[in-house]
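Raw contents of my_file-v5.tsv, TSV, C-alpha atoms:
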chain	number	residue	atom	x	y	z
A	1026	MET	CA	3.06	15.28	1.41
A	1027	THR	CA	1.39	17.25	-1.39
A	1028	SER	CA	4.41	19.46	-2.02
A	1029	HIS	CA	6.63	16.40	-1.97
A	1030	ARG	CA	4.47	14.69	-4.57
A	1031	ALA	CA	4.56	17.76	-6.81
A	1032	SER	CA	8.34	17.94	-6.63
A	1033	ARG	CA	8.67	14.22	-7.35
A	1034	ARG	CA	6.37	14.39	-10.35
A	1035	ALA	CA	8.50	17.21	-11.75
A	1036	LEU	CA	11.54	14.95	-11.93
A	1037	ALA	CA	12.43	13.70	-15.39
A	1038	LEU	CA	11.94	9.98	-15.98
A	1039	THR	CA	15.43	9.22	-17.20
A	1040	SER	CA	17.02	5.79	-17.24
A	1041	LEU	CA	19.34	5.48	-14.26
A	1042	LEU	CA	21.91	2.87	-13.41
A	1043	THR	CA	21.27	0.96	-10.19
A	1044	ILE	CA	23.77	0.93	-7.42
A	1045	GLY	CA	26.48	-1.69	-7.48
A	1046	ALA	CA	27.81	-3.65	-4.54
A	1047	LEU	CA	27.16	-1.64	-1.41
A	1048	GLY	CA	30.05	-1.01	0.98
A	1049	LEU	CA	30.09	-0.13	4.62
A	1050	ALA	CA	31.02	3.40	5.52
A	1051	GLY	CA	34.09	3.73	7.70
A	1052	CYS	CA	33.63	3.78	11.43
A	1053	SER	CA	33.42	7.29	12.72
A	1054	GLY	CA	36.17	8.32	15.13
A	1055	ALA	CA	35.72	9.90	18.52
A	1056	ALA	CA	35.67	13.68	18.82
A	1057	ASP	CA	38.98	15.39	19.54
A	1058	GLY	CA	39.67	15.50	23.27
A	1059	PRO	CA	41.27	18.29	25.31
A	1060	ALA	CA	44.83	19.31	24.48
A	1061	LEU	CA	46.16	17.95	27.78
A	1062	GLU	CA	44.98	14.77	29.50
A	1063	SER	CA	45.85	13.42	32.91
A	1064	ASP	CA	47.60	10.08	33.33
A	1065	GLU	CA	44.39	8.63	34.86
A	1066	GLN	CA	42.36	9.67	31.80
A	1067	GLN	CA	44.89	8.11	29.43
A	1068	GLN	CA	44.96	4.85	31.42
A	1069	SER	CA	41.15	4.74	31.48
A	1070	GLN	CA	40.99	5.13	27.70
A	1071	GLU	CA	43.56	2.38	27.23
A	1072	GLN	CA	41.67	-0.01	29.53
A	1073	GLU	CA	38.21	0.70	28.06
A	1074	PRO	CA	38.56	1.18	24.31
A	1075	ALA	CA	35.51	2.58	22.54
A	1076	GLU	CA	33.31	-0.13	21.04
A	1077	GLU	CA	33.54	-0.22	17.26
A	1078	GLN	CA	30.16	0.38	15.62
A	1079	LEU	CA	28.91	0.07	12.11
A	1080	ALA	CA	28.27	3.40	10.46
A	1081	PHE	CA	25.55	3.43	7.82
A	1082	GLU	CA	24.73	6.56	5.93
A	1083	ARG	CA	22.22	7.37	3.22
A	1084	ASP	CA	24.94	7.09	0.56
A	1085	ASP	CA	25.34	3.40	1.38
A	1086	LEU	CA	21.81	2.85	0.01
A	1087	GLY	CA	22.39	4.79	-3.18
A	1088	ASP	CA	21.02	8.15	-4.20
A	1089	LEU	CA	17.78	8.17	-2.16
A	1090	PRO	CA	15.43	11.11	-2.87
A	1091	ASP	CA	16.01	13.79	-0.22
A	1092	ASP	CA	12.35	14.84	-0.03
A	1093	VAL	CA	11.24	11.32	0.89
A	1094	PHE	CA	13.97	9.62	2.94
A	1095	GLY	CA	15.67	10.98	6.04
A	1096	ASP	CA	18.47	9.59	8.17
A	1097	VAL	CA	19.46	6.01	8.90
A	1098	VAL	CA	18.13	5.30	12.40
A	1099	TRP	CA	19.35	1.73	12.95
A	1100	ALA	CA	21.19	-1.16	11.31
A	1101	HIS	CA	20.99	-4.84	12.32
A	1102	ASP	CA	23.91	-7.12	11.41
A	1103	LEU	CA	22.73	-10.49	10.08
A	1104	GLY	CA	26.27	-11.75	9.51
A	1105	LEU	CA	27.32	-14.01	6.67
A	1106	MET	CA	24.44	-16.46	7.14
A	1107	ALA	CA	22.08	-16.46	4.15
A	1108	SER	CA	19.13	-14.32	5.24
A	1109	GLU	CA	16.17	-12.56	3.67
A	1110	VAL	CA	13.70	-9.96	4.90
A	1111	SER	CA	10.38	-11.75	4.39
A	1112	LEU	CA	7.78	-9.45	5.95
A	1113	VAL	CA	7.51	-5.96	7.40
A	1114	GLN	CA	4.34	-5.36	9.37
A	1115	GLY	CA	3.46	-3.07	12.26
A	1116	ASP	CA	6.46	-2.64	14.55
A	1117	ARG	CA	8.13	-5.86	13.41
A	1118	THR	CA	10.51	-6.78	10.61
A	1119	PHE	CA	10.78	-10.53	10.03
A	1120	VAL	CA	13.93	-12.11	8.65
A	1121	VAL	CA	14.25	-15.78	7.67
A	1122	ARG	CA	17.79	-17.17	7.74
A	1123	ASN	CA	19.38	-20.58	7.45
A	1124	GLY	CA	19.73	-22.56	10.65
A	1125	ASP	CA	22.79	-24.43	11.88
A	1126	ALA	CA	21.47	-27.80	10.67
A	1127	ALA	CA	20.56	-28.80	7.13
A	1128	GLY	CA	16.91	-28.12	6.36
A	1129	GLU	CA	16.51	-25.85	9.39
A	1130	LYS	CA	15.32	-22.26	9.17
A	1131	VAL	CA	15.24	-19.52	11.80
A	1132	LEU	CA	12.70	-16.71	11.98
A	1133	VAL	CA	14.14	-13.54	13.52
A	1134	ALA	CA	11.70	-10.81	14.59
A	1135	LEU	CA	13.21	-7.33	14.85
A	1136	ASP	CA	11.51	-4.55	16.80
A	1137	ALA	CA	11.08	-0.87	15.90
A	1138	ASP	CA	14.68	-0.16	16.99
A	1139	GLY	CA	16.17	-2.94	14.89
A	1140	GLN	CA	16.79	-5.11	17.96
A	1141	GLU	CA	15.99	-8.82	18.11
A	1142	ALA	CA	12.57	-9.26	19.73
A	1143	TRP	CA	12.22	-13.05	19.42
A	1144	THR	CA	13.27	-16.01	17.29
A	1145	THR	CA	11.96	-19.48	16.48
A	1146	ASP	CA	13.30	-22.49	14.59
A	1147	PHE	CA	11.26	-24.40	12.03
A	1148	ALA	CA	11.80	-27.00	9.34
A	1149	GLU	CA	12.32	-25.78	5.79
A	1150	ASP	CA	9.03	-25.17	3.92
A	1151	SER	CA	7.00	-25.57	7.14
A	1152	GLY	CA	6.74	-21.87	8.04
A	1153	HIS	CA	4.12	-19.54	6.56
A	1154	PHE	CA	3.24	-15.87	7.03
A	1155	LEU	CA	-0.48	-15.31	7.51
A	1156	GLY	CA	-2.39	-12.10	8.10
A	1157	ASN	CA	-1.61	-11.78	11.81
A	1158	HIS	CA	0.39	-14.90	12.66
A	1159	PHE	CA	3.37	-16.98	11.66
A	1160	ALA	CA	2.12	-20.52	11.06
A	1161	VAL	CA	4.34	-23.57	11.60
A	1162	SER	CA	3.01	-26.81	10.13
A	1163	ASN	CA	3.88	-30.35	11.19
A	1164	GLU	CA	2.92	-33.01	8.68
A	1165	GLY	CA	1.97	-36.40	10.08
A	1166	GLY	CA	2.46	-37.81	13.56
A	1167	SER	CA	3.96	-40.78	15.38
A	1168	GLU	CA	2.92	-43.58	17.73
A	1169	SER	CA	4.69	-41.78	20.56
A	1170	GLU	CA	2.16	-38.99	20.08
A	1171	GLY	CA	-0.74	-41.39	20.52
A	1172	LEU	CA	-1.15	-42.21	16.85
A	1173	THR	CA	-0.81	-45.53	15.06
A	1174	GLN	CA	1.16	-45.86	11.84
A	1175	THR	CA	-2.06	-45.49	9.88
A	1176	GLU	CA	-3.46	-42.71	12.05
A	1177	VAL	CA	-1.61	-39.52	11.26
A	1178	THR	CA	-2.63	-35.89	11.49
A	1179	ASP	CA	-1.30	-32.58	10.25
A	1180	THR	CA	-1.09	-29.82	12.83
A	1181	VAL	CA	-0.50	-26.10	12.51
A	1182	GLN	CA	0.57	-23.79	15.32
A	1183	LEU	CA	-0.11	-20.05	15.04
A	1184	LEU	CA	2.55	-17.83	16.59
A	1185	SER	CA	1.91	-14.22	17.59
A	1186	TYR	CA	3.81	-11.69	15.49
A	1187	ASP	CA	4.28	-9.66	18.67
A	1188	ASP	CA	6.15	-12.13	20.88
A	1189	GLY	CA	6.20	-15.51	19.15
A	1190	SER	CA	3.83	-17.15	21.64
A	1191	VAL	CA	1.46	-19.92	20.44
A	1192	THR	CA	-2.03	-18.42	20.13
A	1193	ASP	CA	-3.84	-21.38	18.55
A	1194	GLU	CA	-3.36	-24.86	17.14
A	1195	PHE	CA	-5.30	-26.67	14.41
A	1196	ASP	CA	-5.46	-30.35	13.46
A	1197	ASP	CA	-5.84	-31.89	10.00
A	1198	VAL	CA	-5.09	-28.72	8.08
A	1199	ARG	CA	-2.80	-27.45	5.36
A	1200	ILE	CA	-1.80	-23.93	4.36
A	1201	SER	CA	-2.18	-22.66	0.81
A	1202	LYS	CA	-1.93	-19.05	-0.41
A	1203	GLY	CA	-2.25	-17.72	3.10
A	1204	TRP	CA	-5.37	-19.74	3.99
A	1205	LEU	CA	-5.81	-22.39	6.68
A	1206	MET	CA	-7.63	-25.23	4.91
A	1207	SER	CA	-9.28	-28.20	6.57
A	1208	ARG	CA	-8.57	-31.71	5.29
A	1209	LYS	CA	-11.72	-33.08	6.89
A	1210	ASP	CA	-14.76	-33.72	4.70
A	1211	ASP	CA	-17.72	-31.72	5.98
A	1212	GLY	CA	-20.08	-32.84	3.21
A	1213	SER	CA	-19.93	-29.67	1.11
A	1214	GLY	CA	-17.57	-31.09	-1.47
A	1215	GLY	CA	-14.18	-29.61	-2.07
A	1216	ASP	CA	-11.15	-29.39	-4.28
A	1217	ASP	CA	-8.12	-31.58	-3.48
A	1218	ASP	CA	-9.89	-32.85	-0.36
A	1219	MET	CA	-10.00	-29.34	1.09
A	1220	SER	CA	-13.46	-28.80	2.51
A	1221	ALA	CA	-13.26	-25.70	4.70
A	1222	PHE	CA	-11.36	-22.54	5.59
A	1223	TYR	CA	-10.44	-21.51	9.13
A	1224	ASP	CA	-10.37	-17.90	10.24
A	1225	GLU	CA	-6.92	-17.49	11.81
A	1226	ASN	CA	-8.17	-14.98	14.40
A	1227	THR	CA	-11.44	-16.57	15.51
A	1228	GLY	CA	-11.01	-20.22	14.55
A	1229	GLU	CA	-14.37	-20.15	12.75
A	1230	LYS	CA	-14.76	-22.48	9.81
A	1231	SER	CA	-16.54	-21.84	6.50
A	1232	PRO	CA	-17.04	-24.19	3.51
A	1233	TYR	CA	-14.37	-24.23	0.84
A	1234	GLY	CA	-16.75	-24.78	-2.09
A	1235	MET	CA	-15.88	-25.46	-5.71
A	1236	SER	CA	-15.92	-23.36	-8.85
A	1237	LYS	CA	-18.35	-25.77	-10.51
A	1238	PRO	CA	-19.93	-28.19	-8.02
A	1239	PRO	CA	-21.28	-31.47	-9.49
A	1240	GLY	CA	-24.89	-30.95	-10.53
A	1241	GLY	CA	-24.76	-27.32	-9.46
A	1242	THR	CA	-25.60	-24.13	-11.30
A	1243	PRO	CA	-23.63	-20.88	-11.56
A	1244	ASP	CA	-26.01	-19.32	-9.03
A	1245	ASP	CA	-25.35	-21.83	-6.26
A	1246	PRO	CA	-24.26	-19.81	-3.20
A	1247	LEU	CA	-21.03	-21.73	-2.58
A	1248	PRO	CA	-17.95	-19.75	-1.61
A	1249	VAL	CA	-15.07	-19.18	-4.01
A	1250	ALA	CA	-11.63	-19.77	-2.46
A	1251	GLY	CA	-12.93	-18.93	1.00
A	1252	VAL	CA	-14.92	-15.85	-0.05
A	1253	PRO	CA	-18.73	-16.01	0.27
A	1254	ASN	CA	-20.57	-15.97	-3.07
A	1255	PRO	CA	-24.27	-15.38	-2.29
A	1256	ASP	CA	-25.24	-13.95	-5.70
A	1257	GLY	CA	-22.95	-16.04	-7.90
A	1258	LYS	CA	-20.98	-13.05	-9.18
A	1259	LEU	CA	-17.66	-14.59	-8.14
A	1260	ARG	CA	-18.25	-17.86	-9.98
A	1261	ASP	CA	-15.21	-19.14	-11.95
A	1262	LEU	CA	-12.90	-16.41	-10.67
A	1263	SER	CA	-9.36	-17.36	-9.63
A	1264	TYR	CA	-8.01	-16.22	-6.27
A	1265	HIS	CA	-4.80	-14.15	-6.27
A	1266	MET	CA	-4.31	-12.53	-2.88
A	1267	ARG	CA	-6.04	-10.89	0.05
A	1268	VAL	CA	-5.35	-7.89	2.24
A	1269	PRO	CA	-6.58	-8.63	5.79
A	1270	SER	CA	-6.30	-4.99	6.89
A	1271	LEU	CA	-8.73	-4.02	4.10
A	1272	GLY	CA	-10.93	-7.12	4.40
A	1273	LEU	CA	-10.56	-7.74	0.67
A	1274	ALA	CA	-9.70	-10.66	-1.59
A	1275	PHE	CA	-8.63	-10.11	-5.19
A	1276	LEU	CA	-9.76	-12.44	-7.97
A	1277	SER	CA	-9.84	-12.54	-11.77
A	1278	HIS	CA	-10.45	-15.00	-14.59
A	1279	SER	CA	-6.75	-15.40	-15.26
A	1280	ILE	CA	-3.59	-14.07	-13.65
A	1281	ASN	CA	-1.96	-13.52	-17.06
A	1282	SER	CA	-4.72	-11.71	-18.89
A	1283	PRO	CA	-5.86	-8.08	-19.06
A	1284	GLU	CA	-9.30	-8.98	-17.77
A	1285	PRO	CA	-10.66	-7.01	-14.80
A	1286	VAL	CA	-9.46	-7.77	-11.29
A	1287	THR	CA	-12.30	-8.01	-8.75
A	1288	ALA	CA	-11.96	-6.81	-5.16
A	1289	ALA	CA	-14.42	-8.78	-3.02
A	1290	ASP	CA	-15.31	-8.46	0.66
A	1291	VAL	CA	-13.94	-11.56	2.42
A	1292	ASP	CA	-16.85	-11.60	4.88
A	1293	THR	CA	-19.83	-11.00	2.58
A	1294	GLY	CA	-18.59	-11.68	-0.95
A	1295	GLU	CA	-19.79	-8.23	-2.02
A	1296	VAL	CA	-17.88	-6.81	-4.97
A	1297	ARG	CA	-16.31	-3.55	-3.76
A	1298	TYR	CA	-14.72	-2.51	-7.05
A	1299	THR	CA	-12.90	-3.75	-10.15
A	1300	PHE	CA	-9.86	-2.52	-12.04
A	1301	GLU	CA	-7.89	-3.64	-15.08
A	1302	CYS	CA	-4.33	-4.72	-15.71
A	1303	MET	CA	-3.70	-3.85	-19.34
A	1304	ASP	CA	-0.88	-6.39	-19.71
A	1305	GLN	CA	-0.92	-8.77	-16.76
A	1306	PHE	CA	-1.36	-9.03	-13.01
A	1307	THR	CA	2.14	-10.10	-11.96
A	1308	GLY	CA	1.63	-10.77	-8.27
A	1309	GLY	CA	4.76	-11.01	-6.19
A	1310	GLY	CA	3.79	-10.84	-2.51
A	1311	ASP	CA	4.77	-13.36	0.15
A	1312	GLY	CA	2.09	-15.93	0.92
A	1313	SER	CA	-0.35	-14.12	-1.40
A	1314	PHE	CA	-0.74	-11.18	0.96
A	1315	GLY	CA	-0.36	-7.59	-0.10
A	1316	THR	CA	2.40	-5.72	1.74
A	1317	ARG	CA	0.45	-3.12	3.69
A	1318	SER	CA	1.11	0.43	4.79
A	1319	PRO	CA	1.55	1.03	8.54
A	1320	ASN	CA	-1.98	2.46	8.81
A	1321	GLY	CA	-3.42	-0.52	6.93
A	1322	GLU	CA	-5.13	1.67	4.33
A	1323	TYR	CA	-3.00	0.66	1.33
A	1324	ALA	CA	-1.24	-2.44	0.07
A	1325	VAL	CA	1.06	-3.37	-2.82
A	1326	TYR	CA	1.40	-6.72	-4.55
A	1327	GLY	CA	3.53	-7.15	-7.64
A	1328	ASN	CA	2.49	-4.39	-10.04
A	1329	VAL	CA	-0.70	-3.51	-8.13
A	1330	VAL	CA	-1.51	-0.86	-5.51
A	1331	VAL	CA	-4.88	-1.07	-3.74
A	1332	SER	CA	-6.98	0.64	-1.08
A	1333	ALA	CA	-10.43	-0.08	0.32
A	1334	ASP	CA	-12.05	1.82	-2.56
A	1335	GLU	CA	-9.83	1.54	-5.63
A	1336	GLY	CA	-6.98	-0.34	-7.24
A	1337	HIS	CA	-4.33	0.51	-9.83
A	1338	CYS	CA	-2.24	-1.78	-12.00
A	1339	TYR	CA	1.02	-0.66	-13.63
A	1340	GLY	CA	2.89	-1.91	-16.68
A	1341	ASP	CA	0.90	-0.84	-19.73
A	1342	ARG	CA	3.59	-1.45	-22.34
A	1343	SER	CA	1.42	0.05	-25.07
A	1344	PHE	CA	2.05	3.40	-23.36
A	1345	GLY	CA	5.73	2.74	-22.76
A	1346	GLU	CA	5.36	1.82	-19.07
A	1347	ARG	CA	7.84	-0.53	-17.47
A	1348	THR	CA	6.30	-3.16	-15.20
A	1349	PRO	CA	7.30	-2.60	-11.55
A	1350	LYS	CA	7.63	-5.08	-8.73
A	1351	LEU	CA	6.33	-3.06	-5.80
A	1352	SER	CA	7.52	-3.94	-2.30
A	1353	ALA	CA	6.40	-1.16	0.07
A	1354	VAL	CA	3.80	1.59	0.49
A	1355	ASP	CA	3.54	4.39	3.04
A	1356	ASP	CA	0.52	5.88	4.83
A	1357	SER	CA	-0.18	8.30	1.96
A	1358	GLY	CA	-0.24	5.57	-0.70
A	1359	LEU	CA	3.24	6.34	-2.06
A	1360	ALA	CA	4.49	2.99	-3.40
A	1361	PHE	CA	8.10	1.84	-3.82
A	1362	GLY	CA	9.68	-0.94	-5.81
A	1363	LYS	CA	11.94	-1.95	-8.66
A	1364	VAL	CA	11.44	-1.86	-12.42
A	1365	GLU	CA	13.16	-3.95	-15.03
A	1366	GLY	CA	15.86	-2.26	-17.03
A	1367	ASP	CA	15.61	-1.43	-20.71
A	1368	SER	CA	18.34	-1.66	-23.35
A	1369	ASP	CA	20.15	1.35	-21.89
A	1370	ALA	CA	19.75	0.82	-18.15
A	1371	LYS	CA	19.78	-1.84	-15.48
A	1372	GLU	CA	17.07	-2.32	-12.86
A	1373	SER	CA	16.08	0.93	-11.16
A	1374	ALA	CA	14.14	1.85	-8.05
A	1375	VAL	CA	10.80	3.54	-8.59
A	1376	MET	CA	8.22	5.39	-6.49
A	1377	ILE	CA	4.75	6.40	-7.56
A	1378	ASP	CA	1.86	8.21	-5.89
A	1379	PHE	CA	-1.38	6.32	-5.41
A	1380	GLY	CA	-3.53	6.64	-8.50
A	1381	ALA	CA	-0.94	8.53	-10.54
A	1382	PRO	CA	-0.38	7.44	-14.16
A	1383	GLY	CA	2.53	5.09	-14.63
A	1384	VAL	CA	4.45	7.64	-16.66
A	1385	GLU	CA	4.57	9.86	-13.56
A	1386	GLY	CA	6.52	7.28	-11.59
A	1387	VAL	CA	9.91	8.58	-10.48
A	1388	LEU	CA	13.01	6.46	-11.05
A	1389	TYR	CA	15.98	6.92	-8.76
A	1390	ASP	CA	19.44	5.40	-8.50
A	1391	GLY	CA	19.13	3.71	-5.12
A	1392	ALA	CA	17.63	0.89	-3.13
A	1393	ALA	CA	13.89	0.27	-2.74
A	1394	PRO	CA	12.47	-0.37	0.75
A	1395	LEU	CA	11.01	-3.79	1.45
A	1396	GLY	CA	8.34	-2.43	3.77
A	1397	ILE	CA	7.41	0.46	6.06
A	1398	MET	CA	7.28	-0.05	9.83
A	1399	ASP	CA	5.09	1.84	12.29
A	1400	GLY	CA	6.49	5.30	12.88
A	1401	GLY	CA	7.46	5.76	9.24
A	1402	ILE	CA	10.63	3.65	9.18
A	1403	ALA	CA	11.52	2.33	5.72
A	1404	VAL	CA	13.26	-1.05	5.92
A	1405	PHE	CA	16.04	-2.04	3.50
A	1406	GLN	CA	18.27	-5.08	3.20
A	1407	VAL	CA	21.89	-4.36	2.34
A	1408	TYR	CA	24.40	-6.93	1.10
A	1409	THR	CA	28.10	-6.25	1.63
A	1410	GLU	CA	31.32	-8.24	1.62
A	1411	GLU	CA	31.06	-8.36	5.41
A	1412	GLY	CA	27.57	-9.86	5.36
A	1413	SER	CA	23.94	-8.84	5.25
A	1414	PHE	CA	22.32	-5.97	7.14
A	1415	VAL	CA	18.76	-4.80	7.74
A	1416	VAL	CA	18.64	-1.01	7.80
A	1417	GLY	CA	15.91	1.33	9.05
A	1418	VAL	CA	15.60	4.79	7.44
A	1419	GLU	CA	13.14	7.45	8.52
A	1420	LEU	CA	10.57	8.77	6.04
A	1421	ARG	CA	10.13	12.52	5.91
Re-express the file's structure as structure tokens.
Amino acid sequence: MTSHRASRRALALTSLLTIGALGLAGCSGAADGPALESDEQQQSQEQEPAEEQLAFERDDLGDLPDDVFGDVVWAHDLGLMASEVSLVQGDRTFVVRNGDAAGEKVLVALDADGQEAWTTDFAEDSGHFLGNHFAVSNEGGSESEGLTQTEVTDTVQLLSYDDGSVTDEFDDVRISKGWLMSRKDDGSGGDDDMSAFYDENTGEKSPYGMSKPPGGTPDDPLPVAGVPNPDGKLRDLSYHMRVPSLGLAFLSHSINSPEPVTAADVDTGEVRYTFECMDQFTGGGDGSFGTRSPNGEYAVYGNVVVSADEGHCYGDRSFGERTPKLSAVDDSGLAFGKVEGDSDAKESAVMIDFGAPGVEGVLYDGAAPLGIMDGGIAVFQVYTEEGSFVVGVELR
């Protein structure tokens, strides 16, 4: 990877036009047969015509850098139904598409070969991606469920990312920014009637806390947005996102200020490190989770790339940097995304090594992956006149 990074950094940072509407490559024909064929062979070919297959090539995704991206290994046809790749994690790519009925959504889980692994239906705005589960919420209840008209409850079912099975169910909860929050008052005091957080893997509950509890002092050991705060250092910080694979939550005084971003341990509240965004921390992840690398050692979120030990924020306009929206990162920390165009160019794809200065980011005239699956498969979504496709491309 070192030689690849050196070659990428040597590329000039010129403004490049993004690809236009992407078209499907023509279907490849069968290889030429023998000069003479028997009548039986000809009849067999007429009775069993070769199945037409979609042919995707690298050119269909634009001018992808040769030292980073290899061959297209699979393509999944989503048809004309409005669909969007929402999460790539482990050996699954998750696509949310419209259902047949109004207000209905369908979650489609694709496996490492681009084949459908499982699906589930859910009502619009009721599905949420958490760290290791897809959560489906059901607001309220009915008398047929053993509840009176004044006795209602909110339930959340956690579905396994692996096979869609229900692994747990919670009552009287809501989901906000990737957290399971209890509606029940446990006496600790809370914001918006939220009094506790549930751990999605263990079911354990911890107090929600408040930034400034009534009658309290800045040193009161109440948690901040689910993160323990034993020494008061996290007081008055605003929660932005967390990366479960790193065990970190990221907080700052304001999401639109250049003040330092704090990486805190979600179990102990210990401050691991801080870093600055010179212009702003843009965010941009789904459900306030960083999109992680397959090995779980890196994550990207908006214009930020983080690891367990350090974080980097891009978009320092005082140095001529363009603010990226990062969508994927590989096991070496190489991040991918899009950057806004300037007066001479439209939006371009960008890739940048972990920790490298923003001016060393490499622009290229192609698509940016939306995530990296286990095995080093970069996942793209392609829109054509024939419909939408999810495409897997190997990383070199």
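Across the structure, CA of Ala1333 in chain A and CA of Asp1356 in chain A are spaced 13.3 Å apart.
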Select, from A:Val1291, A:Leu1135, A:Glu1109, A:Thr1348, the residue with the minimum atom-to-atom distance to Asn1123 in chain A, counting all atoms listed in the file.
A:Glu1109
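The closest residue to Val1097 in chain A, picked from A:Val1110, A:Gly1139, A:Ser1231, A:Thr1409 and counting only C-alpha atoms, is A:Gly1139.
When only C-alpha atoms are used to measure the gap to Ser1277 in chain A, the shortest distance among A:Ala1360, A:Tyr1233, A:Gly1383, A:Ala1250 belongs to A:Ala1250.
Proximity to Gly1417 in chain A was assessed for A:Ser1270, A:Thr1118, A:Ser1108, A:Thr1227 counting all atoms listed in the file; the smallest distance is recorded for A:Thr1118.
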What is the CA of His1153 in chain A to CA of Lys1363 in chain A distance in Å?
24.5 Å
Between CA of Ser1185 in chain A and CA of His1158 in chain A, what is the spacing in Å?
5.2 Å
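In terms of minimum interatomic distance to Ala1353 in chain A, A:Tyr1323 ranks closest within A:Phe1094, A:Tyr1323, A:Tyr1264, A:Tyr1339, counting all atoms listed in the file.
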Go through A:Glu1365, A:Glu1410, A:Glu1419, A:Asp1355 and flag the residue nearest Thr1316 in chain A, using only C-alpha atoms for the distances.
A:Asp1355
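Residue neighbourhood of Asp1179 in chain A, excluding near-sequence residues (fewer than 5 positions): A:Asn1163, A:Glu1164, A:Gly1165, A:Asp1196, A:Asp1197, A:Val1198, at 7 Å, using only C-alpha atoms.
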For Phe1306 in chain A, find every residue with an atom within 12 Å (counting all atoms listed in the file), except residues of its own chain fewer than 3 positions away, and show them as a PDB file with C-alpha atoms, in the coordinates of the input.
ATOM      1  CA  TYR A1264      -8.010 -16.220  -6.270  1.00  0.00           C
ATOM      2  CA  HIS A1265      -4.800 -14.150  -6.270  1.00  0.00           C
ATOM      3  CA  MET A1266      -4.310 -12.530  -2.880  1.00  0.00           C
ATOM      4  CA  PHE A1275      -8.630 -10.110  -5.190  1.00  0.00           C
ATOM      5  CA  LEU A1276      -9.760 -12.440  -7.970  1.00  0.00           C
ATOM      6  CA  SER A1277      -9.840 -12.540 -11.770  1.00  0.00           C
ATOM      7  CA  HIS A1278     -10.450 -15.000 -14.590  1.00  0.00           C
ATOM      8  CA  SER A1279      -6.750 -15.400 -15.260  1.00  0.00           C
ATOM      9  CA  ILE A1280      -3.590 -14.070 -13.650  1.00  0.00           C
ATOM     10  CA  ASN A1281      -1.960 -13.520 -17.060  1.00  0.00           C
ATOM     11  CA  SER A1282      -4.720 -11.710 -18.890  1.00  0.00           C
ATOM     12  CA  PRO A1283      -5.860  -8.080 -19.060  1.00  0.00           C
ATOM     13  CA  GLU A1284      -9.300  -8.980 -17.770  1.00  0.00           C
ATOM     14  CA  PRO A1285     -10.660  -7.010 -14.800  1.00  0.00           C
ATOM     15  CA  VAL A1286      -9.460  -7.770 -11.290  1.00  0.00           C
ATOM     16  CA  THR A1287     -12.300  -8.010  -8.750  1.00  0.00           C
ATOM     17  CA  PHE A1300      -9.860  -2.520 -12.040  1.00  0.00           C
ATOM     18  CA  GLU A1301      -7.890  -3.640 -15.080  1.00  0.00           C
ATOM     19  CA  CYS A1302      -4.330  -4.720 -15.710  1.00  0.00           C
ATOM     20  CA  MET A1303      -3.700  -3.850 -19.340  1.00  0.00           C
ATOM     21  CA  GLY A1309       4.760 -11.010  -6.190  1.00  0.00           C
ATOM     22  CA  GLY A1310       3.790 -10.840  -2.510  1.00  0.00           C
ATOM     23  CA  VAL A1325       1.060  -3.370  -2.820  1.00  0.00           C
ATOM     24  CA  TYR A1326       1.400  -6.720  -4.550  1.00  0.00           C
ATOM     25  CA  GLY A1327       3.530  -7.150  -7.640  1.00  0.00           C
ATOM     26  CA  ASN A1328       2.490  -4.390 -10.040  1.00  0.00           C
ATOM     27  CA  VAL A1329      -0.700  -3.510  -8.130  1.00  0.00           C
ATOM     28  CA  VAL A1330      -1.510  -0.860  -5.510  1.00  0.00           C
ATOM     29  CA  GLY A1336      -6.980  -0.340  -7.240  1.00  0.00           C
ATOM     30  CA  HIS A1337      -4.330   0.510  -9.830  1.00  0.00           C
ATOM     31  CA  CYS A1338      -2.240  -1.780 -12.000  1.00  0.00           C
ATOM     32  CA  TYR A1339       1.020  -0.660 -13.630  1.00  0.00           C
ATOM     33  CA  GLY A1340       2.890  -1.910 -16.680  1.00  0.00           C
ATOM     34  CA  ASP A1341       0.900  -0.840 -19.730  1.00  0.00           C
ATOM     35  CA  THR A1348       6.300  -3.160 -15.200  1.00  0.00           C
ATOM     36  CA  PRO A1349       7.300  -2.600 -11.550  1.00  0.00           C
ATOM     37  CA  LYS A1350       7.630  -5.080  -8.730  1.00  0.00           C
TER      38      LYS A1350
END
Got a sec: who's within 8 Å of Arg1117 in chain A, counting all atoms listed in the file, leaving out chain neighbours fewer than 6 positions off, as a list in words?
Ala1134, Leu1135, Asp1136, Ala1137, Tyr1186, Asp1187 and Met1398 of chain A
